[in-house]
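Everything below concerns the one structure shown next.
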Amino acid sequence: MSVTVTGTVEHRELGPGTWALVTEQGETYELKDAPQQLCQPQQQVRVEGEVREDVMTFAMIGPVLEVKSFSIVNG
Amino acid sequence: MRKLVLLSLVVLGLGLALFNFKGLANQGEFDSIVLDFREDIPAAEISEELEAIAGQYNIEPRLNSEFSTSDHVYTLRGDRQLLRALKKSGLKQETEFIEPNYIYQQFEVPNDPDYAKQWNLRSINLEQAWDDTKGSGITVAVIDTGITQVPDLKQTKFVKGYNFVNDGIDATDDVGHGTHVAGTIAQSTNNNYGVAGIAYEANLMPIKVLGAGGGGTVADIAEAIRFAANHDADVINMSLGGAGESKLMKEAIDYANNKGVVVIAAAGNANRNAAAYPARYPRVIGVSALDPADGKAPYSNFGAGVDISAPGGSQAGKILQNTINSPTKQPTFAGYQGTSMAAPHVAGVAALVKSAGISEPEEVLKVLKQSVRKVAEDPLNHFGAGHLNATGAVKLAMRGQISFRDFFRWVRDNGYLNPRFWIDGGVVTLPLKLAMVVGGYILAWLLRNYFPFGWSWSLASGVIAGSSGLFFLRGIYIFDLPQWPFRAMGSSIPELGNAVAGTTSLNPIFASALIPIVLVALLLGHPQWKWFAVGSALGVAACLGVNAVVSPAVSGLGSGAVARLFLVTNAFLCFGLAYLASKGEKQAA
C-alpha cells in the first residue's frame, strides 16, 4: 500500500540513532532505507513509500515507512 | 554393599569438607588489631600496658576514635603473627578481647574501571545478586543486529547463532545495536577493562535478524525465535518491535515458551499507551524504560503489555556498553538510550534467576514481578509490576530450594563453622552434633534419590530439630536467668527428655520413634509442615544412630548392648517412617 507523507525529518537518538518523519498532526514514522539526501535534520519533505507492517525495528518509534521516493518541500 | 561404600565416601567427603573449612574468621583481611581492655582496669594501668606494647613490638596502640575512651578500645597495626603473640601474652587477662580489625568490604564490586559510570546496574541492585550467581550455565539468545566480539566481550562465552539476514552462521553486527544489548547482558566483567554486564558468566547466542538499516521481517524473527528454542537457549532478548500483530510470531513465541524459554522484549519508543509487538504478546515479558531518576523515560511506551520496568536511560544519563561505531565498525564505548537498553537488563536478571534454579518461564516472571521495587502510584502502568530488582529476584529464586551449598551456608551463617565453637565449645561435643546434622541431611539426600521431593525450610528445620537442635544455645549463660530454656532450645527432639533435668542419659520416651510418629500422624495432611515431620524423623534417625555408636546411655536401659539395640531399632524405625511418608507424596504427585 503506497502512501504519501509530508512532514519534518528528525534524528532520534535511540540506540545508535534513527531517522524519523514527523507530520504536522504529530504522527511519527520511522524512515526505512532513507537515502542520505533525505536524512537532513529539520528538512521539510514529502515522502512516497510503503508502510511495512511486516517489519520490526530496534527504533520502535512508530510505523515503518519504506521510502520509495521523496521531494523537498520549500517551507 | 556398593551403596554402603558410596555412603561412607559421602560421609568422608563431607567430614573432610567440614574439617577443612577454615571459617570466616580465617578468611577475612586485616592489617590492624583491636584491643578492648576490661572496664575495671584503671587508666594508669592501661597506659602502662600500652607503653609496654609500644616498647616490645615498636608499635603505638591508639584509641580507635574519640568515642572509644570509655570502652577502652585501642587499635594497633599488626598481622596474624602479632595477633597470636598478643593473645598468648599476659594481656589476655586484662582485656575483654583481642581480635583482628577486619576490613569489611561492600559486596562484590567489579574491577572494571568504568563500572562507576554504570548507574543502571546500581539502579537494579545487582551487586548482592552476584554473591549467589553470575548466570553460569544459562544461554541468552540476542535476536538483534548480530553481535561483534568487541574487546570487552573477549572473555564472554558464545554459542553458535545464526544470521537470518544473509543466511549463514556469521552473525556479526554492522550497526552496534545488538553488540550494545549483548554487553548489558554479559559484558566481560572483572577483567580490569571497560564496563560490566549483568549475567557475565552466561553464554550469548548471537542471532541476526535486523539488517544495517535496523529493520527485519516478522518471518525472520519468528524463525529466529524457533532457532533459539531448538538450540537450548534459556532466555531470548528482543530489543525490537513493530505495530503488526503476527500469528506466525505468536506461535513461535508459544513454541519457545513451551520449551521453557523466557522471552523478553522492549516495550517500544513511541511514548505511546501500549507496548509494541512482540512485547505485547501475553507470553512475552514487556519492558518499559526508566531514566536515571527512576521516572519513566520520555520515549518509553507504557500501558498494555508492560510487565516490568528497567533502566533505559535518557538524555540525563545513558546506558554505557562496549559496541561498534556504526559507520567505521570500530569498537567503542557508547551510551545508548531506549527500551532496547531496558529489555536486556531484564534478560540478564532472568538469566541469573534461571541459573539460581527456577526453570519455568511463568515462575521466572513471577519471581521478577514479586521482587520488584514497587511504585506507589502508577495509574497509567508506566512501570508494570515495578522497578527491576536483581538481588531481590535472585534471593527469592534461591528461597525454598535448599541445596547442599545452602545447607553449608546456613550452617556457617549460624556460627556452626566458626572456629570458636570448635575451640570453646566445651558445653557441647560439636563434632558429634555436626555428625548428627550432616547424617540427617545425608539420609534426606538418600531418600530424595528414590522419591524426588523439594528441599524446603520445613524439611531443613525438621532435620535440625530432630538431629541436633540449635545446639549452640546450650552454651549461653545469662546472669541470673535460668539456663534450662537455652538447654531445651539447644536440644534435639531425642534429647528433650533429659535437657531440662540436665542429665546426660537419654530419656527412652523422647529418644525413640515415638515423637516422629506423632508428628507425622499429625502433620501428614499439611503440604508444608509434613516436611517438617519427615525432616524430624530423618534428624532423629541420625541422632539416635550417632548416639548408638558414640554414647548409648539410655535411662533404665544402661549404656550397653540393650541401649544400643534400642537406639538402632528406633533409628531404623524413624528412617522407615520418613520413607513411608515421602513415598505417599510420590503416589499423590
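As shown in the C-alpha cells, the chain order sets the letters A, B, ...; within each chain, residues go from 1, and ligands are also counted from 1 in the order they appear.
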
Inset, instruction - Identify every residue of chain B that has at least one atom within 6 Å of any atom of chain A, counting only C-alpha atoms, and report the result as a list in words. - result: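 Therefore, the residues near the partner are Gly214, Gly215, Gly216, Thr217, Val218, Ser239, Leu240, Gly241, Gly242, Gly244, Gly268, Asn269, Ala270, Tyr336, Gln337 and Gly338 of chain B.
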
Just the selected residues (all heavy atoms), exported as a JSON list (two decimals), in the first residue's frame, please.
```json
[["chain", "number", "residue", "atom", "x", "y", "z"],
["B", 214, "GLY", "N", 18.49, -1.42, 10.37],
["B", 214, "GLY", "CA", 17.86, -1.54, 11.69],
["B", 214, "GLY", "C", 16.51, -2.23, 11.66],
["B", 214, "GLY", "O", 15.81, -2.26, 12.66],
["B", 215, "GLY", "N", 16.12, -2.79, 10.49],
["B", 215, "GLY", "CA", 14.83, -3.46, 10.41],
["B", 215, "GLY", "C", 14.97, -4.91, 9.98],
["B", 215, "GLY", "O", 16.00, -5.31, 9.42],
["B", 216, "GLY", "N", 13.94, -5.69, 10.25],
["B", 216, "GLY", "CA", 13.93, -7.09, 9.83],
["B", 216, "GLY", "C", 12.50, -7.57, 9.73],
["B", 216, "GLY", "O", 11.59, -6.96, 10.29],
["B", 217, "THR", "N", 12.29, -8.67, 9.02],
["B", 217, "THR", "CA", 10.91, -9.11, 8.79],
["B", 217, "THR", "C", 10.42, -10.00, 9.92],
["B", 217, "THR", "O", 11.20, -10.69, 10.59],
["B", 217, "THR", "CB", 10.79, -9.90, 7.48],
["B", 217, "THR", "OG1", 11.58, -11.09, 7.60],
["B", 217, "THR", "CG2", 11.28, -9.08, 6.30],
["B", 218, "VAL", "N", 9.11, -9.99, 10.07],
["B", 218, "VAL", "CA", 8.45, -10.82, 11.08],
["B", 218, "VAL", "C", 8.78, -12.30, 10.83],
["B", 218, "VAL", "O", 9.01, -13.05, 11.78],
["B", 218, "VAL", "CB", 6.93, -10.55, 11.03],
["B", 218, "VAL", "CG1", 6.19, -11.61, 11.83],
["B", 218, "VAL", "CG2", 6.62, -9.18, 11.57],
["B", 239, "SER", "N", 15.20, -6.77, 21.59],
["B", 239, "SER", "CA", 15.13, -5.32, 21.70],
["B", 239, "SER", "C", 14.67, -4.78, 20.36],
["B", 239, "SER", "O", 15.41, -4.06, 19.68],
["B", 239, "SER", "CB", 16.50, -4.77, 22.10],
["B", 239, "SER", "OG", 16.76, -5.07, 23.45],
["B", 240, "LEU", "N", 13.49, -5.18, 19.96],
["B", 240, "LEU", "CA", 12.94, -4.77, 18.67],
["B", 240, "LEU", "C", 11.43, -4.83, 18.76],
["B", 240, "LEU", "O", 10.87, -5.42, 19.67],
["B", 240, "LEU", "CB", 13.45, -5.70, 17.56],
["B", 240, "LEU", "CG", 13.31, -7.20, 17.79],
["B", 240, "LEU", "CD1", 11.91, -7.69, 17.40],
["B", 240, "LEU", "CD2", 14.34, -7.96, 16.98],
["B", 241, "GLY", "N", 10.79, -4.19, 17.79],
["B", 241, "GLY", "CA", 9.34, -4.23, 17.82],
["B", 241, "GLY", "C", 8.74, -3.56, 16.61],
["B", 241, "GLY", "O", 9.43, -2.93, 15.79],
["B", 242, "GLY", "N", 7.42, -3.73, 16.49],
["B", 242, "GLY", "CA", 6.68, -3.12, 15.40],
["B", 242, "GLY", "C", 5.21, -3.12, 15.75],
["B", 242, "GLY", "O", 4.81, -3.60, 16.82],
["B", 244, "GLY", "N", 2.73, -4.50, 13.86],
["B", 244, "GLY", "CA", 1.92, -5.57, 13.30],
["B", 244, "GLY", "C", 1.84, -6.80, 14.18],
["B", 244, "GLY", "O", 2.85, -7.35, 14.60],
["B", 268, "GLY", "N", 8.96, -0.50, 23.39],
["B", 268, "GLY", "CA", 8.88, 0.42, 22.26],
["B", 268, "GLY", "C", 9.10, 1.86, 22.68],
["B", 268, "GLY", "O", 8.96, 2.21, 23.86],
["B", 269, "ASN", "N", 9.46, 2.70, 21.69],
["B", 269, "ASN", "CA", 9.95, 4.04, 22.00],
["B", 269, "ASN", "C", 9.07, 5.15, 21.45],
["B", 269, "ASN", "O", 9.55, 6.22, 21.10],
["B", 269, "ASN", "CB", 11.36, 4.20, 21.42],
["B", 269, "ASN", "CG", 12.32, 3.15, 21.96],
["B", 269, "ASN", "OD1", 12.25, 2.77, 23.12],
["B", 269, "ASN", "ND2", 13.21, 2.66, 21.10],
["B", 270, "ALA", "N", 7.77, 4.91, 21.33],
["B", 270, "ALA", "CA", 6.90, 5.92, 20.72],
["B", 270, "ALA", "C", 6.15, 6.75, 21.76],
["B", 270, "ALA", "O", 5.29, 7.56, 21.41],
["B", 270, "ALA", "CB", 5.91, 5.23, 19.78],
["B", 336, "TYR", "N", 23.89, 4.52, 24.97],
["B", 336, "TYR", "CA", 22.65, 4.44, 24.19],
["B", 336, "TYR", "C", 21.47, 4.67, 25.13],
["B", 336, "TYR", "O", 21.57, 4.45, 26.34],
["B", 336, "TYR", "CB", 22.49, 3.05, 23.57],
["B", 336, "TYR", "CG", 23.30, 2.76, 22.33],
["B", 336, "TYR", "CD1", 24.21, 3.67, 21.81],
["B", 336, "TYR", "CD2", 23.13, 1.54, 21.67],
["B", 336, "TYR", "CE1", 24.94, 3.36, 20.66],
["B", 336, "TYR", "CE2", 23.86, 1.22, 20.53],
["B", 336, "TYR", "CZ", 24.77, 2.14, 20.03],
["B", 336, "TYR", "OH", 25.48, 1.83, 18.91],
["B", 337, "GLN", "N", 20.34, 5.03, 24.54],
["B", 337, "GLN", "CA", 19.10, 5.05, 25.31],
["B", 337, "GLN", "C", 18.00, 4.38, 24.51],
["B", 337, "GLN", "O", 18.08, 4.31, 23.29],
["B", 337, "GLN", "CB", 18.71, 6.48, 25.67],
["B", 337, "GLN", "CG", 18.54, 7.38, 24.46],
["B", 337, "GLN", "CD", 18.05, 8.77, 24.82],
["B", 337, "GLN", "OE1", 17.35, 8.95, 25.81],
["B", 337, "GLN", "NE2", 18.41, 9.76, 24.02],
["B", 338, "GLY", "N", 17.00, 3.89, 25.20],
["B", 338, "GLY", "CA", 15.87, 3.25, 24.54],
["B", 338, "GLY", "C", 15.33, 2.10, 25.36],
["B", 338, "GLY", "O", 16.02, 1.59, 26.26]]
```

Legend entry - Exercise: Val546 in chain B partners within 10 Å, only C-alpha atoms, chain neighbours under 6 positions left out, as a list in words: Leu432, Lys433, Ala435, Met436, Gly439, Ser467, Val540, Pro552, Leu567, Val568 and Ala571 of chain B

Legend entry - CA of Ile236 in chain B to CA of Asn301 in chain B, distance in Å rounded to a single decimal: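 Between CA of Ile236 in chain B and CA of Asn301 in chain B the gap is 20.4 Å.
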
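Between CA of Thr339 in chain B and CA of Asn111 in chain B the separation is 27.4 Å.
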
Inset, instruction - Determine, counting only C-alpha atoms, which protein, DNA and RNA residues have an atom within 10 Å of an atom of Ser551 in chain B; residues of the same chain fewer than 6 positions away are not included. Present the result as a PyMOL selection string. - result: chain B and resi 432+504-506+544-545+559-560+563-564

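Here CA of Ala279 in chain B stands at a distance of 26.1 Å from CA of Glu201 in chain B.
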
Legend entry - Near-Ile72 in chain A list (8 Å; only C-alpha atoms; drop same-chain fewer than 6 positions) as a ChimeraX atom specification: /A:43-46

Could you save the residues just selected, with N, CA and C atoms, as a JSON list (two decimals), in the first residue's frame?
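Final output, result-v1.json:
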```json
[["chain", "number", "residue", "atom", "x", "y", "z"],
["A", 43, "GLN", "N", 14.56, 19.11, 7.87],
["A", 43, "GLN", "CA", 14.19, 19.29, 6.47],
["A", 43, "GLN", "C", 12.70, 18.95, 6.27],
["A", 44, "GLN", "N", 11.99, 19.82, 5.55],
["A", 44, "GLN", "CA", 10.57, 19.54, 5.25],
["A", 44, "GLN", "C", 10.52, 18.72, 3.97],
["A", 45, "VAL", "N", 9.86, 17.57, 4.02],
["A", 45, "VAL", "CA", 9.87, 16.69, 2.85],
["A", 45, "VAL", "C", 8.50, 16.05, 2.61],
["A", 46, "ARG", "N", 8.35, 15.59, 1.40],
["A", 46, "ARG", "CA", 7.18, 14.77, 1.06],
["A", 46, "ARG", "C", 7.74, 13.41, 0.63]]
```

Inset, instruction - Between B:Leu63, B:Val438, B:Ala356, B:Ile33, single out the one closest to Leu396 in chain B, counting only C-alpha atoms. - result: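 Of all the options, B:Ala356 lies closest to Leu396 in chain B.
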
Legend entry - Residue set, range 19-62 of chain A restricted to strand (DSSP E or B), as a ChimeraX atom specification: /A:19-22,28-32,44-51,55-57

Selection file, N, CA, C and O atoms, as a compact mmCIF listing (two decimals), in the first residue's frame:
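So the final result, stored in result.txt, reads:
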```txt
# COMPACT_ATOMS: atom_id res chain seq x y z
N TRP A 19 16.27 7.71 11.88
CA TRP A 19 15.66 8.88 11.24
C TRP A 19 14.15 8.78 11.29
O TRP A 19 13.57 7.74 10.99
N ALA A 20 13.52 9.91 11.66
CA ALA A 20 12.07 9.94 11.82
C ALA A 20 11.47 10.99 10.90
O ALA A 20 12.12 11.98 10.54
N LEU A 21 10.23 10.77 10.51
CA LEU A 21 9.47 11.77 9.77
C LEU A 21 8.24 12.10 10.62
O LEU A 21 7.42 11.23 10.91
N VAL A 22 8.15 13.37 11.06
CA VAL A 22 7.06 13.77 11.95
C VAL A 22 6.09 14.67 11.17
O VAL A 22 6.49 15.70 10.62
N THR A 28 4.54 10.11 14.11
CA THR A 28 5.95 9.85 13.84
C THR A 28 6.11 8.57 13.04
O THR A 28 5.61 7.53 13.45
N TYR A 29 6.82 8.66 11.91
CA TYR A 29 7.14 7.48 11.11
C TYR A 29 8.64 7.21 11.24
O TYR A 29 9.43 8.15 11.34
N GLU A 30 8.99 5.94 11.22
CA GLU A 30 10.42 5.60 11.15
C GLU A 30 10.77 5.44 9.67
O GLU A 30 10.12 4.67 8.95
N LEU A 31 11.80 6.15 9.22
CA LEU A 31 12.17 6.08 7.80
C LEU A 31 13.06 4.86 7.56
O LEU A 31 14.10 4.69 8.20
N LYS A 32 12.62 4.01 6.63
CA LYS A 32 13.40 2.82 6.29
C LYS A 32 14.03 3.02 4.92
O LYS A 32 13.36 3.50 4.00
N GLN A 44 11.99 19.82 5.55
CA GLN A 44 10.57 19.54 5.25
C GLN A 44 10.52 18.72 3.97
O GLN A 44 11.07 19.14 2.94
N VAL A 45 9.86 17.57 4.02
CA VAL A 45 9.87 16.69 2.85
C VAL A 45 8.50 16.05 2.61
O VAL A 45 7.66 15.98 3.51
N ARG A 46 8.35 15.59 1.40
CA ARG A 46 7.18 14.77 1.06
C ARG A 46 7.74 13.41 0.63
O ARG A 46 8.52 13.33 -0.33
N VAL A 47 7.34 12.38 1.34
CA VAL A 47 7.90 11.06 1.07
C VAL A 47 6.81 10.14 0.52
O VAL A 47 5.70 10.08 1.07
N GLU A 48 7.14 9.48 -0.55
CA GLU A 48 6.23 8.47 -1.06
C GLU A 48 6.83 7.11 -0.73
O GLU A 48 8.02 6.87 -0.99
N GLY A 49 6.04 6.26 -0.14
CA GLY A 49 6.59 4.98 0.24
C GLY A 49 5.52 4.00 0.70
O GLY A 49 4.33 4.20 0.43
N GLU A 50 5.96 2.99 1.39
CA GLU A 50 5.04 1.94 1.82
C GLU A 50 5.18 1.73 3.32
O GLU A 50 6.31 1.66 3.82
N VAL A 51 4.05 1.63 4.00
CA VAL A 51 4.11 1.33 5.43
C VAL A 51 4.26 -0.18 5.58
O VAL A 51 3.40 -0.95 5.15
N VAL A 55 7.49 -5.48 9.17
CA VAL A 55 8.88 -5.22 9.55
C VAL A 55 8.93 -4.74 11.00
O VAL A 55 8.09 -3.95 11.44
N MET A 56 9.91 -5.27 11.72
CA MET A 56 10.15 -4.79 13.08
C MET A 56 11.54 -4.16 13.13
O MET A 56 12.43 -4.56 12.38
N THR A 57 11.72 -3.21 14.04
CA THR A 57 13.00 -2.49 14.10
C THR A 57 13.43 -2.31 15.55
O THR A 57 12.64 -2.50 16.47
```
